[in-house]
Each structure stands twice: as C-alpha cells, then as structure tokens.
Amino acid sequence: MAGFIVKRLTQLLPMLLGASLLVFAVIRLAPGDPYSGLIDPRADPAKVEELRRRHCLDCPMPQQYLRWLTGAVRGDLGTSIRFRIPVAELIGDRLGPSLALGVTSESIVLLAGIPFGILAAVRRGTWVDTAVTAVALSGLAIPAFFFGLLLLRWLSLGGLQILPSAGFTTPGSQLSGVPLLLDAARHLILPATALGVTSIAGLMSHVRSALLEVLQQDYSRTARSKGLPRRTVTFRHALRNALIPVVTMIGLQFGGLMSGAVLTETIFAWPGIGRMIVDAINNKDFPLVQGAIMTFALMYALVNLIIDVTYALLDPRLRLVYE
Amino acid sequence: MAVSTDVSKAQSRFQRITKQLLRNRRAVVGGIILLVIITMAIFAPYAATHDPVKQNIRNQLKPPSREHIFGTDQFGRDIFSRVVYGARLSLRVGFLSISFALVVGGLLGLVSGYFGGWMDMIIMRLIDILLALPGFLLALAIVAALGPGLENVVMAIGVSYVPSFARMMRSSVLATRELDYVGAAQALGASDSRIIFLHILPNSISPIIVLTTLSMAGAILSAAGLSFLGLGAQPPTPEWGSMIATARPFIRVSHWSVTIPGLAIFITVMCLNLVGDGLRDALDPRLKNLS
C-alpha cells in the first residue's frame with residue numbers, strides 16, 4: 001500500500017507542473033500584457049517601460065514562467081492588479097466560503113444520490129424506478145445556473161420566500177455562536193443544492209446501474225439461492241461491491257463541482273474563489289485569474305490523489321497492479 | 001468478392017442498430033424533438049413570429065399572450081423569436097466545437113494508438129496536461145485569454161473536449177490493432193494510412209459516435225454557461241445563456257425571459273442525451289439488459 005501511495009505521489013508533481021504550464025501559457029495567449037489595458041494613456045511611456053521591466057514583462061517567456069513558478073512554489077502568486085494585494089491573500093480569504101459550499105454540496109449529493117440510486121435498483125421496473133430515472137435524466141440536462149435561478153425565484157425572491165437569496169451571512173447582523181452558524185446554514189442551502197444538482201443526478205443513475213449489475217453476478221445469485229433474504233444480499237453482498245466504482249465517480253464529479261462553483265457563486269453572490277475568477281476575468285486581472293485557477297488545479301489534483309488511494313484501499317485488485 | 005460481403009455485413013449491422021434504436025422509446029422521442037428543434041433553427045426566419053432584436057419599450061416584460069406566446073423580455077422583444085434564433089447559435093456552437101474536438105482529438109488518438117512509441121508518449125503527456133483542469137475551467141481560462149465572443153467559446157470548448165476524444169480513440173485503436181484482420185492486412189503489405197482508414201477507423205467508430213452525441217450536449221451546456229458569465233455571445237445576440245444573464249435582474253418581476261431560454265437549453269440537452277444513451281445501448285449490446 002505504501003508503495004502505491006508513493007508511486008501515486010510522484011505522479012502529482014508532473015501533473016501540477018503541467019497544469020501550471022497550461023495556466024501560464026493560456027493566460028499569456030492574451031494579447032498585450034496585464035498592464036496594457038490599465039495604463040493611463042497620458043502616462044509617461046518611460047514610466048510604463050520601467051514598470052514592465054520591473055515586473056519582467058519584457059523577459060522571454062520561459063524566464064517569465066520560471067519566475068512565476070518559483071514564486072508560486074513559495075506561495076507567492078504575484079500581486080492582483082486591481083486590488084494591489086498579494087493574490088495568495090485574496091485566495092486565502094475566499095477559500096473558506098468555497099470549501100463550505102463544496103463540502104455542503106457534496107454532502108447533499110451523497111445523501112440524495114446514493115439512497116435514491118439504491119431505491120431505484122431495488123425497486124427496478126416500478127414507478128419508484130421510473131421517477132428516479134426521470135429525475136436523474138432531468139438533473140443531467142438542466143444547466144446548474146438555470147436551476148439555481150429557479151430556486152432563487154421560487155424559494156427566495158418570489159413564491160415561498162423562505163430562504164435568503166445571496167451572500168454568506170446576513171449583512172450587518174450581529175449574530176455569533178449557534179445563531180450565526182444557523183444563519184450561515186440557511187444561506188448555504190440554495191447554492192449548495194444548485195451546485196449539486198448535476199452530480200446528484202449522475203450519482204443516482206450510476207449507483208442504480210452499478211447495483212443492478214452486481215445483483216446479476218453469480219455470487220449474488222448464489223447468496224440468494226442458499227436462502228439468504230433479499231435484503232441481506234442487497235446490502236451485505238451487492239452494495240459493498242457496487243459502491244467501489246462510486247468512489248471514482250465522486251472524484252470525477254469533483255471537477256464538475258469546481259466548474260459549477262464558478263456559475264453558482266456568481267448567481268448567489270457567494271464570496272468564494274469561483275466568483276472571484278469571473279470578476280478577475282472581467283477586470284482583466286490576470287495574476288489573480290492565474291493564481292485562482294492554479295489553486296483549483298491543485299485542489300483537483302489532491303482530490304484525485306485521495307480518491308485513487310481510497311479506491312486502492314477498498315479494492316485490493318488495484319493495489320496488485322502497482323506492486 | 002471480399003468487398004461485396006463486407007458491404008452486406010455493414011448494412012446488416014447498420015440495420016440491426018437502427019432497429020434497436022427505433023425500439024428505444026426514449027431515444028425516439030428525443031430524436032423527434034431534436035429534429036423539430038433543428039428544423040426550427042434552420043428555418044428560424046420563418047418559424048419566428050417577430051424580429052428577435054427589435055425592441056418595443058412600451059411592451060416590456062409581458063407574460064405569454066396571444067401576440068407573444070412566450071411573453072416579452074425587458075426590452076419588449078419577443079421571447080419565442082429570440083429562443084428560435086438562439087437555437088441556431090447553440091446548435092452551431094455544439095456542432096462546431098465538437099467537430100473540432102472530434103477531428104483533432106480523434107487524429108491524435110489514432111496516431112497515438114496506432115504508432116505507439118515516442119509519439120504515443122508525447123501525445124498522451126500533452127493530453128494529461130489538458131486534463132489537469134476540469135473541462136469547463138479549461139474552457140473558461142481559454143476564453144479569459146482570448147477574450148469574449150462566440151468564436152472563442154467554440155475554440156475553448158473544442159479544446160476542452162480534445163482529451164476525451166483522443167483517449168477514447170486511442171484505446172479503441174489499441175483494441176482493434178491487435179485483431180487478426182489488421183495483422184493480415186499488414187502481412188499483405190497494406191500501407192499505414194490504408195490500414196488506419198480502411199480497417200481500424202470503421203471498427204472503432206461506434207464509441208466515438210456515442211461520445212460525439214453526448215459531448216454535444218455537454219458543449220451546449222458549457223457554451224450557455226460561458227455566455228451566462230458574459231464571456232460568450234454579446235447582447236443583443238439572442239443566445240440562450242446570455243438571454244438568461246441579461247434577464248436575470250428582472251427575474252422577480254417577470255421570470256419568463258429566464259425560464260423560457262433555460263427550458264430551451266434543458267430540452268435540447270436532454271434530447272441529445274437521450275439519443276446518445278440510445279445509441280450507446282444499440283451499439284454496445286452488452287449494456288442493453290441493464291436499462
């Protein structure tokens with residue numbers, strides 16, 4: 001097992017290097033440089049040149065990349081052009097709300113996706129199965145930002161009006177302790193649900209078909225024919241094996257969750273990294289865009305690492321491949 | 001002689017798949033609705049009841065009526081006509097970006113899988129780099145760099161789908177390459193391009209067809225998302241995502257200008273998914289008994 005983890009860890013480095021290269025190259029595709037749009041046309045050209053030289057914007061590309069990379073490794077992602085604050089600091093401020101949203105959303109995904117997937121498989125062919133399948137098909141087709149707006153319109157701004165529409169906590173409130181947590185939780189429900197809708201749908205249908213497949217295997221039939229009750233076979237024998245690939249599914253969906261965060265945070269005015277990326281793009285604040293996307297790439301790589309290790313822990317066959 | 005049996009076999013396979021597909025009720029319904037949407041997009045000037053960009057300030061944010069069947073937006077424009085014209089854009093973006101991914105990714109995968117060795121190494125490492133970011137974020141970063149606009153969105157989404165096509169093509173080629181008939185063709189002295197295009201490609205095409213259909217659904221969703229963020233089509237272009245974005249501030253007064261384009265995306269994507277799923281079931285009989 002240790003061998004597997006070490007092998008997998010060594011893959012992390014080239015992957016992150018690749019990601020940094022990609023992010024850097026893509027952002028530098030942009031015409032001009034980070035300063036060209038911001039400079040006062042009346043500014044002294046000599047001063048502009050001096051600024052460019054100071055930030056090494058006239059250096060050759062590989063040198064610029066190395067400069068950025070060595071900084072990034074030490075946690076220095078440059079300075080935001082708009083806010084004139086270190087990018088790392090801005091990201092640090094936004095990390096908490098983004099993580100809160102992501103964790104809540106993933107919990108909703110698991111709590112809704114797995115039980116309903118099981119239910120559909122167990123009640124295969126009944127109206128329950130039909131309903132779950134219909135919900136899953138719809139969830140996979142609805143744009144998450146549109147679903148978020150529908151929730152907003154019918155549960156917050158109009159219709160039932162039971163939940164807050166925007167922000168992390170109620171602005172100007174003097175709450176602390178438990179009431180503050182409850183306030184934050186109320187603010188979390190709508191964005192977390194909107195963010196999770198695609199993943200819930202994907203997980204439901206995945207669990208359903210995985211469980212159906214395992215229930216058709218010989219060992220399930222053997223367990224049934226030796227007289228075990230259906231419930232025992234489903235939950236003791238089949239479910240355990242069916243849920244192994246689900247771990248991989250969750251890893252894959254994490255990427256979708258991060259992508260969705262960009263849209264969902266924008267709709268619900270959520271103070272997270274996703275909305276910051278959109279704002280930074282609109283402000284042409286390239287150091288910030290670069291840093292924030294790199295942060296997402298790092299999180300993505302780490303989550304996939306954790307998923308792979310978990311998978312290997314659950315399924316000994318995979319470990320053998322590496323050892 | 002060999003050629004004629006080949007053709008008859010191909011036809012019978014095609015017929016079998018078509019039959020299988022037509023028996024799938026969901027896929028048939030999805031396909032029919034999709035055809036209607038495509039027809040409306042092609043004949044948009046005839047299908048639309050109003051000019052999609054003509055404003056009428058005195059008639060803004062109206063609910064559906066006899067005159068405007070889906071109501072009007074914040075500038076008094078007819079939502080139905082805008083949605084009809086929007087279908088052109090969404091379908092075009094989906095089609096163009098996935099065509100790009102199919103050609104580029106498909107070729108990369110083909111070369112990588114067939115020739116192997118250092119070519120395979122280099123191509124697959126490049127693909128790994130592209131996979132370091134989730135697809136939508138990659139597209140977002142590319143559009144951020146290229147600047148807003150529908151052409152850039154096509155490009156960005158196209159690039160973000162290259163890895164899945166390259167990987168699928170590669171594994172499909174790897175599986176096909178080992179088969180006896182390829183070895184036989186090689187023994188007969190057939191050239192690489194002949195083997196690739198005549199023997200390997202036709203036999204690794206079915207997973208690619210399924211991936212193309214399902215990816216188109218994903219591409220339409222991504223394009224709508226990017227336009228919603230203001231990075232795709234610019235107003236007053238009647239693109240579905242940007243229609244939702246511009247109508248969003250008025251959602252409380254009148255939700256129609258958000259709901260209708262949203263439903264348009266939803267239905268189009270759903271139909272593409274249904275057809276894609278149906279194709280998968282028909283092309284890969286192993287999965288048939290599960291659905």
# chains A, B, ... in the order shown; residues from 1 in each chain; ligands from 1
>>> closest_atom_pairs(of="chain B", to="chain A", cutoff="6 Å", atoms="only C-alpha atoms", output="Markdown table")
| residue | atom | partner | partner_atom | distance |
| --- | --- | --- | --- | --- |
| B:Ile129 | CA | A:Gly18 | CA | 4.9 |
| B:Ala132 | CA | A:Ala19 | CA | 5.3 |
| B:Leu133 | CA | A:Ala297 | CA | 5.6 |
| B:Pro134 | CA | A:Gly255 | CA | 5.0 |
| B:Phe136 | CA | A:Ser259 | CA | 5.6 |
| B:Leu137 | CA | A:Ser259 | CA | 5.7 |
| B:Ile142 | CA | A:Val26 | CA | 5.9 |
| B:Ala144 | CA | A:Ile281 | CA | 5.8 |
| B:Ala145 | CA | A:Ala30 | CA | 4.4 |
| B:Leu146 | CA | A:Ala30 | CA | 5.6 |
| B:Gly262 | CA | A:Phe146 | CA | 5.9 |
| B:Phe266 | CA | A:Ile142 | CA | 4.8 |
| B:Val269 | CA | A:Ala141 | CA | 5.3 |
| B:Met270 | CA | A:Ala141 | CA | 4.9 |
>>> write_last_selection(atoms="C-alpha atoms", output="compact mmCIF listing (two decimals), in the first residue's frame")
# COMPACT_ATOMS: atom_id res chain seq x y z
CA ILE B 129 -1.68 18.37 -19.23
CA ALA B 132 -5.07 18.87 -15.24
CA LEU B 133 -8.05 21.21 -15.22
CA PRO B 134 -11.72 20.24 -15.29
CA PHE B 136 -15.26 23.88 -18.04
CA LEU B 137 -12.46 25.60 -16.13
CA ILE B 142 -9.01 29.91 -22.66
CA ALA B 144 -10.46 34.58 -20.49
CA ALA B 145 -7.28 34.74 -22.53
CA LEU B 146 -8.82 35.01 -26.00
CA GLY B 262 -33.49 27.90 -19.67
CA PHE B 266 -32.77 21.89 -20.88
CA VAL B 269 -29.53 18.88 -23.90
CA MET B 270 -32.00 16.27 -22.66
>>> residues_around(residues="Leu201 (chain B)", least_positions_apart="3", cutoff="12 Å", atoms="only C-alpha atoms", output="VMD selection string")
chain B and resid 106 to 107 109 to 111 113 to 114 169 to 170 172 to 177 182 192 to 198 204 to 209
>>> write_last_selection(atoms="C-alpha atoms", output="PDB file, in the first residue's frame")
ATOM      1  CA  GLY B 106      -9.559  11.707 -32.968  1.00  0.00           C
ATOM      2  CA  LEU B 107      -6.422  12.166 -35.066  1.00  0.00           C
ATOM      3  CA  GLY B 109      -5.706   9.299 -30.531  1.00  0.00           C
ATOM      4  CA  LEU B 110      -5.417   7.454 -33.816  1.00  0.00           C
ATOM      5  CA  VAL B 111      -1.751   8.318 -34.295  1.00  0.00           C
ATOM      6  CA  GLY B 113      -2.684   4.284 -30.563  1.00  0.00           C
ATOM      7  CA  TYR B 114      -1.549   3.039 -33.953  1.00  0.00           C
ATOM      8  CA  MET B 169      -9.919   6.856 -29.972  1.00  0.00           C
ATOM      9  CA  ARG B 170      -6.591   5.634 -28.682  1.00  0.00           C
ATOM     10  CA  SER B 172     -10.338   1.851 -29.310  1.00  0.00           C
ATOM     11  CA  VAL B 173      -7.466   1.684 -31.791  1.00  0.00           C
ATOM     12  CA  LEU B 174      -5.331  -0.260 -29.336  1.00  0.00           C
ATOM     13  CA  ALA B 175      -8.070  -2.848 -29.028  1.00  0.00           C
ATOM     14  CA  THR B 176      -8.625  -3.068 -32.779  1.00  0.00           C
ATOM     15  CA  ARG B 177      -4.953  -3.125 -33.731  1.00  0.00           C
ATOM     16  CA  VAL B 182      -5.215  -5.951 -39.126  1.00  0.00           C
ATOM     17  CA  ASP B 192      -0.361   2.506 -42.659  1.00  0.00           C
ATOM     18  CA  SER B 193      -2.902   5.032 -43.909  1.00  0.00           C
ATOM     19  CA  ARG B 194      -4.818   2.303 -45.717  1.00  0.00           C
ATOM     20  CA  ILE B 195      -4.935   0.169 -42.584  1.00  0.00           C
ATOM     21  CA  ILE B 196      -5.937   3.103 -40.412  1.00  0.00           C
ATOM     22  CA  PHE B 197      -8.688   4.482 -42.589  1.00  0.00           C
ATOM     23  CA  LEU B 198      -9.998   1.259 -44.105  1.00  0.00           C
ATOM     24  CA  SER B 204     -13.532   1.762 -33.684  1.00  0.00           C
ATOM     25  CA  ILE B 205     -16.177   4.251 -34.679  1.00  0.00           C
ATOM     26  CA  SER B 206     -19.146   3.252 -32.546  1.00  0.00           C
ATOM     27  CA  PRO B 207     -17.904   4.532 -29.174  1.00  0.00           C
ATOM     28  CA  ILE B 208     -16.885   7.728 -30.945  1.00  0.00           C
ATOM     29  CA  ILE B 209     -20.414   8.255 -32.286  1.00  0.00           C
TER      30      ILE B 209
END
>>> residues_around(residues="region 119-121 of chain A", least_positions_apart="2", cutoff="7 Å", atoms="only C-alpha atoms", output="PyMOL selection string")
chain A and resi 115-117+123-124+128-129+132+208+211-212
>>> write_last_selection(atoms="C-alpha atoms", output="short mmCIF file (atom, residue, chain, number, x, y, z; two decimals), in the first residue's frame")
data_model
loop_
_atom_site.label_atom_id
_atom_site.label_comp_id
_atom_site.auth_asym_id
_atom_site.auth_seq_id
_atom_site.Cartn_x
_atom_site.Cartn_y
_atom_site.Cartn_z
CA PRO A 115 -30.11 6.19 -1.26
CA PHE A 116 -32.24 7.04 -4.28
CA GLY A 117 -29.91 5.11 -6.57
CA ARG A 123 -37.50 -1.39 -6.92
CA ARG A 124 -36.45 -1.88 -10.51
CA VAL A 128 -40.14 4.50 -7.98
CA ASP A 129 -37.52 3.44 -10.51
CA VAL A 132 -35.73 8.31 -10.00
CA ARG A 208 -28.56 2.32 -9.78
CA LEU A 211 -26.06 -2.14 -8.11
CA LEU A 212 -28.16 -3.76 -10.83
#
>>> closest_residue(among="A:Met204, A:Ala72, A:Ala238, A:Ile306", to="Tyr219 (chain A)", atoms="only C-alpha atoms")
A:Ala238
>>> closest_residue(among="B:Asn152, B:Ser81, B:Ser215, B:Asn56", to="Glu239 (chain B)", atoms="only C-alpha atoms")
B:Ser81
>>> closest_residue(among="A:Ile85, A:Gly102, A:Ile273, A:Leu151", to="His255 (chain B)", atoms="only C-alpha atoms")
A:Leu151
>>> residues_around(residues="Thr104 (chain A)", least_positions_apart="5", cutoff="9 Å", atoms="only C-alpha atoms", output="ChimeraX atom specification")
/A:99,109,188-189,192-193
>>> select_by_dssp(residues="region 1-221 of chain A", states="alpha helix (DSSP H)", output="PyMOL selection string")
chain A and resi 2-28+45-54+61-73+87-122+127-141+144-151+177-215+218-221
>>> residues_around(residues="region 155-161 of chain B", least_positions_apart="4", cutoff="10 Å", atoms="only C-alpha atoms", output="PyMOL selection string")
chain B and resi 93-105+130-131+133-146+150-151+165-166+212+215-216+218-220+222-223+226
>>> closest_residue(among="B:Ala187, B:Ile57, B:Ala47, B:Ile200", to="Gln74 (chain B)", atoms="only C-alpha atoms")
B:Ile57
>>> atom_distance(atom1="CA of Phe4 (chain A)", atom2="CA of Ile307 (chain A)")
12.8 Å
>>> residues_around(residues="Ala184 (chain A)", least_positions_apart="3", cutoff="8 Å", atoms="only C-alpha atoms", output="number ranges by chain")
A: 168-170, 180-181, 187-188
>>> atom_distance(atom1="CA of Ala264 (chain B)", atom2="CA of Val153 (chain B)")
19.3 Å
>>> atom_distance(atom1="CA of Met40 (chain B)", atom2="CA of Trp240 (chain B)")
14.8 Å
>>> closest_residue(among="B:Ile33, B:Cys271, B:Ile265, B:Leu188", to="Gly86 (chain B)", atoms="only C-alpha atoms")
B:Ile265
>>> residues_around(residues="Leu203 (chain A)", least_positions_apart="6", cutoff="8 Å", atoms="only C-alpha atoms", output="list of chain:residue names")
A:Val109, A:Leu110, A:Gly113, A:Ile114, A:Gly117, A:Val246, A:Met249, A:Ile250
>>> write_last_selection(atoms="N, CA and C atoms", output="PDB file, in the first residue's frame")
ATOM      1  N   VAL A 109     -25.143  15.788  -2.234  1.00  0.00           N
ATOM      2  CA  VAL A 109     -25.028  14.853  -3.355  1.00  0.00           C
ATOM      3  C   VAL A 109     -25.035  13.409  -2.853  1.00  0.00           C
ATOM      4  N   LEU A 110     -24.228  13.134  -1.825  1.00  0.00           N
ATOM      5  CA  LEU A 110     -24.130  11.763  -1.325  1.00  0.00           C
ATOM      6  C   LEU A 110     -25.438  11.330  -0.660  1.00  0.00           C
ATOM      7  N   GLY A 113     -27.993  11.146  -3.630  1.00  0.00           N
ATOM      8  CA  GLY A 113     -27.641  10.284  -4.754  1.00  0.00           C
ATOM      9  C   GLY A 113     -27.628   8.804  -4.412  1.00  0.00           C
ATOM     10  N   ILE A 114     -26.958   8.434  -3.322  1.00  0.00           N
ATOM     11  CA  ILE A 114     -26.795   7.010  -3.031  1.00  0.00           C
ATOM     12  C   ILE A 114     -28.114   6.337  -2.631  1.00  0.00           C
ATOM     13  N   GLY A 117     -30.439   6.053  -5.596  1.00  0.00           N
ATOM     14  CA  GLY A 117     -29.907   5.106  -6.571  1.00  0.00           C
ATOM     15  C   GLY A 117     -30.186   3.674  -6.148  1.00  0.00           C
ATOM     16  N   VAL A 246     -18.228   3.846  -7.312  1.00  0.00           N
ATOM     17  CA  VAL A 246     -18.843   5.130  -6.982  1.00  0.00           C
ATOM     18  C   VAL A 246     -17.793   6.102  -6.431  1.00  0.00           C
ATOM     19  N   MET A 249     -16.349   7.793  -9.232  1.00  0.00           N
ATOM     20  CA  MET A 249     -17.369   8.713  -9.751  1.00  0.00           C
ATOM     21  C   MET A 249     -17.333  10.033  -8.979  1.00  0.00           C
ATOM     22  N   ILE A 250     -17.221   9.925  -7.648  1.00  0.00           N
ATOM     23  CA  ILE A 250     -17.202  11.133  -6.830  1.00  0.00           C
ATOM     24  C   ILE A 250     -15.988  11.986  -7.188  1.00  0.00           C
TER      25      ILE A 250
END
